[in-house]
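The file upload-v8.cif comes next; it holds mmCIF, C-alpha atoms and all ligand atoms.
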data_my_file
loop_
_atom_site.label_atom_id
_atom_site.label_comp_id
_atom_site.auth_asym_id
_atom_site.auth_seq_id
_atom_site.Cartn_x
_atom_site.Cartn_y
_atom_site.Cartn_z
CA MET A 106 74.18 -27.75 -63.37
CA LEU A 107 76.68 -30.59 -63.85
CA PRO A 108 78.57 -31.31 -67.08
CA LEU A 109 76.62 -33.77 -69.22
CA PRO A 110 79.64 -36.09 -69.78
CA VAL A 111 79.94 -36.42 -65.98
CA LEU A 112 76.29 -37.38 -65.60
CA GLU A 113 76.59 -39.85 -68.45
CA GLN A 114 79.65 -41.52 -66.98
CA ALA A 115 77.96 -41.72 -63.58
CA LYS A 116 74.90 -43.30 -65.20
CA GLU A 117 77.08 -45.77 -67.06
CA GLU A 118 78.93 -46.75 -63.86
CA LEU A 119 75.97 -46.72 -61.50
CA THR A 120 75.58 -50.48 -61.37
CA ASP A 121 79.16 -51.45 -62.13
CA TRP A 122 81.94 -49.18 -60.90
CA GLN A 123 85.51 -50.15 -61.80
CA GLY A 124 84.38 -53.64 -62.73
CA LEU A 125 83.28 -54.40 -59.16
CA GLY A 126 79.73 -55.30 -60.16
CA MET A 127 78.32 -52.63 -57.84
CA SER A 128 77.95 -48.89 -57.46
CA VAL A 129 80.58 -46.73 -55.81
CA MET A 130 77.90 -46.07 -53.16
CA GLU A 131 77.86 -49.75 -52.25
CA ASP A 132 81.61 -50.17 -51.93
CA SER A 133 83.40 -49.56 -48.63
CA HIS A 134 85.12 -46.22 -48.20
CA ARG A 135 88.09 -48.26 -46.96
CA SER A 136 88.28 -50.39 -50.13
CA LYS A 137 91.38 -50.23 -52.29
CA ALA A 138 89.32 -48.90 -55.19
CA PHE A 139 87.74 -46.06 -53.26
CA VAL A 140 90.82 -45.05 -51.30
CA SER A 141 92.84 -44.72 -54.48
CA PHE A 142 90.02 -42.90 -56.29
CA ALA A 143 89.75 -40.48 -53.36
CA ALA A 144 93.49 -39.79 -53.31
CA ALA A 145 93.49 -39.27 -57.08
CA ALA A 146 90.65 -36.74 -56.73
CA GLU A 147 92.75 -34.75 -54.27
CA ASP A 148 95.68 -34.83 -56.71
CA LYS A 149 93.41 -33.56 -59.48
CA LEU A 150 92.15 -30.75 -57.26
CA ARG A 151 95.77 -29.84 -56.50
CA ARG A 152 96.51 -29.75 -60.22
CA VAL A 153 93.37 -27.81 -61.16
CA MET A 154 93.94 -25.15 -58.51
CA SER A 155 97.78 -25.23 -58.48
CA ILE A 156 97.74 -25.85 -54.72
CA PRO A 157 101.25 -25.51 -53.22
CA ASP A 158 102.71 -28.50 -51.30
CA SER A 159 102.65 -26.39 -48.14
CA TYR A 160 98.84 -26.65 -48.07
CA ARG A 161 96.72 -29.51 -46.77
CA VAL A 162 93.51 -30.46 -48.54
CA VAL A 163 90.74 -31.70 -46.27
CA PHE A 164 87.25 -32.85 -47.14
CA GLN A 165 84.66 -32.35 -44.41
CA GLN A 166 80.92 -32.85 -44.19
CA GLY A 167 78.55 -30.08 -43.14
CA GLY A 168 79.00 -28.01 -46.28
CA ALA A 169 80.18 -24.43 -46.21
CA SER A 170 77.97 -23.69 -43.19
CA GLY A 171 79.96 -26.23 -41.19
CA GLN A 172 83.08 -24.23 -42.03
CA PHE A 173 81.49 -21.09 -40.55
CA ALA A 174 82.14 -22.89 -37.23
CA ALA A 175 85.23 -24.93 -38.21
CA VAL A 176 87.25 -21.86 -39.20
CA PRO A 177 86.94 -20.10 -35.80
CA MET A 178 87.45 -23.40 -33.96
CA ASN A 179 90.65 -24.19 -35.89
CA LEU A 180 92.13 -20.77 -36.57
CA GLY A 181 90.85 -18.59 -33.74
CA THR A 182 93.98 -18.89 -31.61
CA THR A 183 93.97 -15.29 -30.32
CA GLY A 184 90.30 -15.37 -29.35
CA SER A 185 89.36 -12.76 -31.90
CA ALA A 186 88.93 -12.44 -35.65
CA ALA A 187 88.02 -9.83 -38.27
CA TYR A 188 85.23 -10.21 -40.83
CA ILE A 189 84.14 -8.32 -43.93
CA ASN A 190 80.38 -8.19 -44.43
CA THR A 191 79.28 -8.04 -48.06
CA GLY A 192 75.90 -9.74 -47.72
CA GLN A 193 73.94 -12.73 -46.58
CA TRP A 194 76.63 -15.40 -46.51
CA SER A 195 79.09 -13.09 -44.76
CA LYS A 196 76.43 -12.35 -42.15
CA LYS A 197 75.90 -16.04 -41.46
CA ALA A 198 79.65 -16.56 -41.14
CA VAL A 199 79.85 -13.67 -38.65
CA ALA A 200 76.93 -14.95 -36.57
CA GLU A 201 78.46 -18.40 -36.29
CA ALA A 202 81.96 -17.10 -35.49
CA ARG A 203 80.51 -14.98 -32.64
CA LYS A 204 79.72 -18.23 -30.82
CA PHE A 205 83.46 -18.84 -30.55
CA LEU A 206 85.33 -15.58 -30.86
CA ASP A 207 85.31 -11.88 -30.35
CA VAL A 208 84.43 -10.77 -33.88
CA SER A 209 85.06 -7.32 -35.32
CA VAL A 210 83.40 -6.45 -38.61
CA VAL A 211 86.03 -4.26 -40.24
CA ALA A 212 84.06 -3.43 -43.38
CA ASP A 213 80.30 -3.55 -43.91
CA GLU A 214 78.67 -2.72 -47.22
CA ALA A 215 75.21 -2.09 -45.73
CA ALA A 216 75.19 1.51 -47.01
CA SER A 217 75.01 0.32 -50.62
CA GLY A 218 72.39 -2.32 -49.85
CA TYR A 219 75.16 -4.88 -50.29
CA THR A 220 75.79 -4.10 -53.95
CA THR A 221 79.46 -3.27 -53.45
CA THR A 222 82.75 -4.63 -52.11
CA PRO A 223 84.99 -2.46 -49.90
CA VAL A 224 87.37 -0.18 -51.74
CA VAL A 225 90.95 -1.49 -51.61
CA GLY A 226 92.73 -0.17 -48.53
CA SER A 227 89.52 1.20 -46.97
CA PHE A 228 89.61 -0.99 -43.86
CA GLU A 229 92.05 -1.97 -41.17
CA VAL A 230 92.45 -5.31 -39.45
CA PRO A 231 93.23 -5.29 -35.71
CA GLU A 232 96.67 -6.70 -35.01
CA ASN A 233 95.39 -9.34 -32.61
CA ALA A 234 92.86 -10.81 -35.07
CA SER A 235 93.62 -14.49 -35.74
CA TYR A 236 92.46 -14.07 -39.33
CA LEU A 237 90.40 -11.96 -41.71
CA HIS A 238 87.36 -13.71 -43.17
CA TYR A 239 85.56 -12.63 -46.32
CA THR A 240 83.21 -14.01 -48.96
CA PRO A 241 84.83 -13.65 -52.41
CA ASN A 242 81.45 -14.19 -54.09
CA GLU A 243 78.13 -13.40 -52.42
CA THR A 244 75.91 -15.92 -54.16
CA ILE A 245 72.58 -14.28 -53.35
CA GLY A 246 73.53 -10.66 -54.01
CA GLY A 247 75.75 -11.43 -57.00
CA VAL A 248 78.61 -9.38 -55.54
CA GLU A 249 82.17 -10.55 -56.14
CA PHE A 250 85.56 -9.20 -55.08
CA GLU A 251 87.74 -8.37 -58.07
CA TYR A 252 90.79 -8.39 -55.78
CA VAL A 253 92.24 -10.46 -52.94
CA PRO A 254 92.59 -8.40 -49.75
CA ASP A 255 96.22 -7.85 -48.83
CA VAL A 256 96.49 -8.05 -45.02
CA ASP A 257 99.03 -9.05 -42.38
CA VAL A 258 96.89 -11.80 -40.82
CA PRO A 259 95.89 -15.13 -42.46
CA LEU A 260 93.08 -14.75 -44.95
CA ALA A 261 90.05 -17.06 -44.59
CA ALA A 262 87.68 -17.16 -47.55
CA ASP A 263 84.35 -18.79 -48.38
CA PHE A 264 84.83 -19.75 -52.02
CA SER A 265 81.62 -21.81 -52.22
CA SER A 266 80.15 -20.23 -55.32
CA THR A 267 83.30 -19.23 -57.19
CA ILE A 268 85.86 -21.98 -56.57
CA ALA A 269 87.65 -23.05 -59.76
CA SER A 270 85.79 -20.44 -61.79
CA ARG A 271 89.13 -18.86 -62.82
CA PRO A 272 92.79 -18.98 -61.74
CA VAL A 273 93.46 -17.85 -58.16
CA ASP A 274 96.74 -17.65 -56.22
CA VAL A 275 96.18 -20.09 -53.35
CA SER A 276 99.36 -18.90 -51.60
CA LYS A 277 97.59 -15.64 -50.66
CA PHE A 278 95.21 -17.53 -48.37
CA GLY A 279 95.42 -19.07 -44.93
CA VAL A 280 92.35 -21.16 -45.57
CA MET A 281 89.91 -21.33 -48.43
CA TYR A 282 86.80 -23.49 -48.33
CA ALA A 283 83.81 -24.30 -50.50
CA GLY A 284 80.75 -26.50 -50.43
CA THR A 285 80.92 -28.91 -53.36
CA GLN A 286 77.41 -28.30 -54.66
CA LYS A 287 77.96 -25.23 -56.80
CA ASN A 288 80.92 -25.70 -59.10
CA PHE A 289 81.89 -29.26 -58.23
CA GLY A 290 78.99 -31.66 -57.89
CA PRO A 291 76.34 -32.73 -55.40
CA ALA A 292 76.06 -31.38 -51.86
CA GLY A 293 77.74 -33.30 -49.05
CA LEU A 294 81.30 -32.09 -48.75
CA ALA A 295 83.23 -28.96 -48.05
CA ILE A 296 86.65 -28.66 -49.62
CA VAL A 297 89.11 -27.06 -47.22
CA ILE A 298 92.51 -25.90 -48.45
CA VAL A 299 94.56 -24.81 -45.46
CA ARG A 300 98.15 -23.72 -44.98
CA ASP A 301 100.28 -26.19 -43.00
CA ASP A 302 101.18 -23.83 -40.16
CA LEU A 303 97.48 -23.18 -39.43
CA VAL A 304 96.75 -26.87 -38.92
CA GLY A 305 97.03 -28.37 -35.43
CA ASN A 306 95.94 -25.38 -33.34
CA ALA A 307 92.26 -26.23 -32.91
CA ARG A 308 90.74 -25.42 -29.55
CA PRO A 309 90.66 -28.56 -27.37
CA GLU A 310 86.86 -28.95 -27.37
CA THR A 311 86.77 -29.03 -31.20
CA PRO A 312 84.86 -32.12 -32.35
CA THR A 313 87.24 -34.50 -34.14
CA ILE A 314 85.32 -34.35 -37.41
CA TRP A 315 85.82 -30.56 -37.46
CA ASP A 316 89.50 -30.67 -36.51
CA TYR A 317 91.63 -29.97 -39.58
CA ALA A 318 94.64 -31.79 -38.10
CA ALA A 319 92.69 -34.96 -37.28
CA MET A 320 91.03 -34.95 -40.69
CA ALA A 321 94.29 -34.30 -42.56
CA LYS A 322 95.98 -37.12 -40.67
CA ALA A 323 93.18 -39.54 -41.59
CA ASP A 324 93.06 -38.48 -45.26
CA SER A 325 89.63 -36.98 -44.50
CA MET A 326 88.31 -40.37 -43.42
CA VAL A 327 88.01 -40.03 -39.66
CA ASN A 328 84.53 -41.39 -40.33
CA THR A 329 82.56 -42.42 -43.41
CA PRO A 330 82.66 -39.72 -46.06
CA PRO A 331 79.86 -39.21 -48.61
CA THR A 332 81.52 -41.41 -51.21
CA PHE A 333 79.15 -40.61 -54.06
CA THR A 334 79.78 -36.86 -53.70
CA TRP A 335 83.52 -37.48 -53.62
CA TYR A 336 83.22 -39.67 -56.72
CA ILE A 337 81.30 -37.02 -58.71
CA LEU A 338 83.83 -34.42 -57.57
CA GLY A 339 86.57 -36.59 -59.12
CA LEU A 340 84.67 -36.79 -62.41
CA VAL A 341 84.04 -33.03 -62.48
CA LEU A 342 87.74 -32.39 -61.91
CA ASP A 343 88.55 -34.65 -64.89
CA TRP A 344 86.09 -32.61 -66.94
CA ILE A 345 87.69 -29.31 -65.88
CA LEU A 346 91.15 -30.65 -66.83
CA ASP A 347 89.78 -31.87 -70.20
CA GLN A 348 88.34 -28.42 -70.87
CA GLY A 349 91.70 -26.74 -70.33
CA GLY A 350 91.67 -26.14 -66.58
CA VAL A 351 90.78 -23.00 -64.65
CA GLU A 352 92.27 -20.76 -67.35
CA ALA A 353 89.69 -22.07 -69.82
CA MET A 354 86.95 -21.87 -67.16
CA GLY A 355 87.90 -18.24 -66.50
CA ARG A 356 87.79 -17.25 -70.17
CA ARG A 357 84.45 -18.95 -70.62
CA ASN A 358 82.93 -17.54 -67.42
CA LYS A 359 84.06 -14.01 -68.28
CA ALA A 360 82.52 -14.27 -71.75
CA LYS A 361 79.27 -15.71 -70.37
CA SER A 362 78.82 -13.05 -67.70
CA ASP A 363 79.87 -10.21 -70.04
CA ALA A 364 77.20 -11.29 -72.52
CA LEU A 365 74.44 -11.26 -69.92
CA TYR A 366 75.50 -7.98 -68.24
CA ASP A 367 75.87 -6.28 -71.63
CA TYR A 368 72.37 -7.30 -72.57
CA ILE A 369 70.89 -6.20 -69.21
CA ASP A 370 72.75 -2.85 -69.26
CA ALA A 371 71.57 -2.07 -72.79
CA SER A 372 67.95 -2.69 -71.78
CA THR A 373 65.61 -0.38 -69.87
CA PHE A 374 63.33 -3.33 -69.15
CA TYR A 375 65.88 -5.28 -67.04
CA ALA A 376 68.33 -4.03 -64.41
CA ASN A 377 71.23 -5.25 -62.28
CA ARG A 378 72.18 -2.84 -59.50
CA VAL A 379 75.56 -4.21 -58.45
CA GLU A 380 78.44 -1.75 -58.94
CA ARG A 381 80.36 -2.72 -62.05
CA ARG A 382 83.72 -3.63 -60.54
CA SER A 383 82.00 -5.97 -58.05
CA ARG A 384 79.76 -7.89 -60.40
CA SER A 385 79.80 -11.64 -60.02
CA TRP A 386 80.79 -13.94 -62.88
CA MET A 387 78.74 -16.73 -61.35
CA ASN A 388 75.45 -15.31 -60.04
CA ILE A 389 73.67 -12.53 -61.89
CA PRO A 390 70.59 -11.11 -60.16
CA PHE A 391 68.29 -8.94 -62.24
CA THR A 392 64.92 -7.27 -61.87
CA LEU A 393 62.16 -6.41 -64.31
CA ALA A 394 61.11 -2.75 -64.47
CA ASN A 395 57.60 -3.97 -63.65
CA SER A 396 57.75 -6.64 -60.95
CA ASP A 397 54.08 -7.54 -61.61
CA LEU A 398 55.47 -9.44 -64.60
CA ASP A 399 57.86 -11.60 -62.54
CA ALA A 400 55.57 -14.62 -62.36
CA THR A 401 54.77 -14.48 -66.09
CA PHE A 402 58.48 -14.15 -66.86
CA LEU A 403 59.34 -17.21 -64.76
CA ALA A 404 56.50 -19.32 -66.14
CA GLY A 405 57.52 -18.55 -69.73
CA ALA A 406 61.16 -19.24 -68.89
CA GLY A 407 60.18 -22.63 -67.49
CA ASP A 408 58.30 -23.43 -70.70
CA ALA A 409 61.45 -22.54 -72.64
CA GLY A 410 63.53 -24.96 -70.52
CA LEU A 411 65.17 -22.17 -68.50
CA THR A 412 64.84 -23.17 -64.85
CA ASN A 413 65.96 -22.04 -61.39
CA LEU A 414 65.77 -18.37 -62.33
CA LYS A 415 63.75 -17.19 -59.35
CA GLY A 416 65.79 -14.85 -57.18
CA HIS A 417 66.51 -15.81 -53.58
CA ARG A 418 63.40 -15.38 -51.42
CA SER A 419 65.14 -12.63 -49.45
CA VAL A 420 65.73 -10.38 -52.47
CA GLY A 421 63.08 -11.32 -55.04
CA GLY A 422 63.51 -10.68 -58.75
CA MET A 423 65.53 -13.12 -60.82
CA ARG A 424 68.95 -14.64 -60.55
CA ALA A 425 70.88 -16.51 -63.22
CA SER A 426 73.47 -18.81 -61.68
CA ILE A 427 75.89 -19.63 -64.44
CA TYR A 428 78.42 -21.95 -62.84
CA ASN A 429 81.28 -23.66 -64.69
CA ALA A 430 79.14 -26.32 -66.34
CA MET A 431 76.71 -23.81 -67.90
CA PRO A 432 77.73 -23.41 -71.55
CA MET A 433 77.60 -20.12 -73.48
CA GLU A 434 74.61 -21.55 -75.39
CA GLY A 435 72.67 -21.67 -72.13
CA VAL A 436 73.37 -17.99 -71.46
CA GLN A 437 72.49 -17.14 -75.05
CA ALA A 438 69.19 -19.02 -74.72
CA LEU A 439 68.38 -16.92 -71.65
CA ILE A 440 69.21 -13.67 -73.46
CA ASP A 441 67.07 -14.72 -76.43
CA TYR A 442 64.17 -15.46 -74.09
CA MET A 443 64.61 -12.16 -72.24
CA ARG A 444 64.60 -10.23 -75.53
CA GLU A 445 61.47 -11.98 -76.75
CA PHE A 446 59.73 -11.47 -73.38
CA GLU A 447 60.48 -7.77 -73.44
CA ARG A 448 59.22 -7.47 -77.02
CA THR A 449 55.89 -9.13 -76.24
CA ALA A 450 55.33 -7.81 -72.68
CA ALA A 451 56.58 -4.23 -72.85
C1 LIG B 1 75.78 -21.93 -50.86
C2 LIG B 1 76.69 -21.15 -50.02
C3 LIG B 1 76.89 -21.44 -48.67
C4 LIG B 1 76.15 -22.53 -47.94
O1 LIG B 1 76.61 -23.74 -48.32
P1 LIG B 1 76.10 -25.08 -47.55
O2 LIG B 1 77.01 -26.10 -48.13
O3 LIG B 1 74.68 -25.25 -47.91
O4 LIG B 1 76.31 -24.88 -46.10
C5 LIG B 1 77.79 -20.68 -47.96
N1 LIG B 1 78.47 -19.68 -48.54
C6 LIG B 1 78.29 -19.36 -49.84
C7 LIG B 1 79.08 -18.24 -50.44
C8 LIG B 1 77.39 -20.08 -50.62
O5 LIG B 1 77.22 -19.78 -51.90
#

Structure rendered as structure tokens:
Amino acid sequence: MLPLPVLEQAKEELTDWQGLGMSVMEDSHRSKAFVSFAAAAEDKLRRVMSIPDSYRVVFQQGGASGQFAAVPMNLGTTGSAAYINTGQWSKKAVAEARKFLDVSVVADEAASGYTTTPVVGSFEVPENASYLHYTPNETIGGVEFEYVPDVDVPLAADFSSTIASRPVDVSKFGVMYAGTQKNFGPAGLAIVIVRDDLVGNARPETPTIWDYAAMAKADSMVNTPPTFTWYILGLVLDWILDQGGVEAMGRRNKAKSDALYDYIDASTFYANRVERRSRSWMNIPFTLANSDLDATFLAGAGDAGLTNLKGHRSVGGMRASIYNAMPMEGVQALIDYMREFERTAA
């Protein structure tokens, strides 16, 4: 979901952006208007996330999946890396990294069916690992770290589904990346925030468009970027700043997720099996006690204007993704529907 004011502004400007008599999509990415808009969007991201000056911000295509390869190509200087496996996105990151590096999985939450995060201090990272990679929020399983691992090697993190959902100390990371399509706008870009000293060490065969140093040097315009995605990202960042920044997002997201978990936990009709300390603020999977009712539940939800609630095909059940733009009223509408469904179906 995108914020309504963003969609309305985009609609307004679709045929006449910045008085140019055309859409941002029709302008050149090298135009004065776009280049300055793009730079301003980076500044806004720096403000929203309090990114230190010692970090480069790079926008790359290929989404978060592209970064599963870009991270080992750019950071894998020792030939090996450590990964934490907390579910489906971690697994994909591991599989891709194995094409480039010797990967050791230092923590794997398989025993819990991927409903947990490793206990603090329960794993060790080999000294020669170039970095430790983890997935702060597993979007499909709804499992989120409530802490940032404290290790002696650079930390690499896939923030796709939780970026800008609350304040986070960027200085704890070597690289953080996220596809734009969850909290920031349409698909098309990955945001990469990488510490200066980790830029410029890419293996020689790294394609230029995946090389952090080449992209940073060219202000992320080695080639034509998806300008419309970048434009919407800029508008979403304005909206976040207007709302009070990541502090306000964090308060709102905590309240939204608390409301839904409290309702699910108080019910015997619905369940969420993620351990409490690792529950996601962004993606809340839940099951019905009787899965024969799933299809009826989803059809009724659709009629009530509550969409995209079907769980990922790999896990079934339901999943409520309540990203930044979802207001409390949207969560309340879901709870009201769930209560009414239980009353009539149970
Ligand atoms: C959605 C998602 C991805 C995949 O993003 P793409 O941009 O489609 O490659 C990767 N990691 C996480 C945590 C995600 O939520």

Please identify all protein, DNA and RNA residues within 10 Å of ligand LIG 1 (chain B), counting all atoms listed in the file, and report them as a JSON list (two decimals) with C-alpha atoms, in the coordinates of the input.
[["chain", "number", "residue", "atom", "x", "y", "z"],
["A", 166, "GLN", "CA", 80.92, -32.85, -44.19],
["A", 167, "GLY", "CA", 78.55, -30.08, -43.14],
["A", 168, "GLY", "CA", 79.00, -28.01, -46.28],
["A", 169, "ALA", "CA", 80.18, -24.43, -46.21],
["A", 170, "SER", "CA", 77.97, -23.69, -43.19],
["A", 171, "GLY", "CA", 79.96, -26.23, -41.19],
["A", 172, "GLN", "CA", 83.08, -24.23, -42.03],
["A", 173, "PHE", "CA", 81.49, -21.09, -40.55],
["A", 192, "GLY", "CA", 75.90, -9.74, -47.72],
["A", 193, "GLN", "CA", 73.94, -12.73, -46.58],
["A", 194, "TRP", "CA", 76.63, -15.40, -46.51],
["A", 195, "SER", "CA", 79.09, -13.09, -44.76],
["A", 196, "LYS", "CA", 76.43, -12.35, -42.15],
["A", 197, "LYS", "CA", 75.90, -16.04, -41.46],
["A", 198, "ALA", "CA", 79.65, -16.56, -41.14],
["A", 239, "TYR", "CA", 85.56, -12.63, -46.32],
["A", 240, "THR", "CA", 83.21, -14.01, -48.96],
["A", 241, "PRO", "CA", 84.83, -13.65, -52.41],
["A", 242, "ASN", "CA", 81.45, -14.19, -54.09],
["A", 243, "GLU", "CA", 78.13, -13.40, -52.42],
["A", 244, "THR", "CA", 75.91, -15.92, -54.16],
["A", 245, "ILE", "CA", 72.58, -14.28, -53.35],
["A", 247, "GLY", "CA", 75.75, -11.43, -57.00],
["A", 262, "ALA", "CA", 87.68, -17.16, -47.55],
["A", 263, "ASP", "CA", 84.35, -18.79, -48.38],
["A", 264, "PHE", "CA", 84.83, -19.75, -52.02],
["A", 265, "SER", "CA", 81.62, -21.81, -52.22],
["A", 266, "SER", "CA", 80.15, -20.23, -55.32],
["A", 267, "THR", "CA", 83.30, -19.23, -57.19],
["A", 268, "ILE", "CA", 85.86, -21.98, -56.57],
["A", 282, "TYR", "CA", 86.80, -23.49, -48.33],
["A", 283, "ALA", "CA", 83.81, -24.30, -50.50],
["A", 284, "GLY", "CA", 80.75, -26.50, -50.43],
["A", 285, "THR", "CA", 80.92, -28.91, -53.36],
["A", 286, "GLN", "CA", 77.41, -28.30, -54.66],
["A", 287, "LYS", "CA", 77.96, -25.23, -56.80],
["A", 291, "PRO", "CA", 76.34, -32.73, -55.40],
["A", 292, "ALA", "CA", 76.06, -31.38, -51.86],
["A", 293, "GLY", "CA", 77.74, -33.30, -49.05],
["A", 294, "LEU", "CA", 81.30, -32.09, -48.75],
["A", 295, "ALA", "CA", 83.23, -28.96, -48.05],
["A", 388, "ASN", "CA", 75.45, -15.31, -60.04]]

- Between atom CA of A:Val299 and atom CA of A:Ile427 lies a distance of 27.1 Å

- Work out how far atom CA of A:Arg424 is from atom CA of A:Leu411, in Å to one decimal. 11.6 Å

- Provide the atom CA of A:Gly305 to atom CA of A:Ala319 distance in Å, to one decimal place.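 If I compute the distance from atom CA of A:Gly305 to atom CA of A:Ala319, I get 8.1 Å.
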
- Item | All residues 7 Å or closer to stretch 220-235 of chain A, all atoms listed in the file, same chain fewer than 6 positions away omitted, as a list of chain:residue names |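 The filter keeps A:Leu180, A:Gly181, A:Thr182, A:Thr183, A:Ser185, A:Ala186, A:Ala187, A:Thr191, A:Val211, A:Ala212, A:Glu214, A:Gly246, A:Val248, A:Phe250, A:Val258, A:Arg378, A:Val379, A:Glu380, A:Ser383.
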
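With all atoms listed in the file as the atoms that count, the residue of A:Val327, A:Met431, A:Met106, A:Val351 with the shortest distance to A:Arg135 is A:Val327.
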
- Message: Which residue is closest to A:Arg308? Choose from A:Ala261, A:Val111, A:Val153, A:Ala175 and count only C-alpha atoms.
- Response: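 Closest to A:Arg308, using only C-alpha atoms: A:Ala175.
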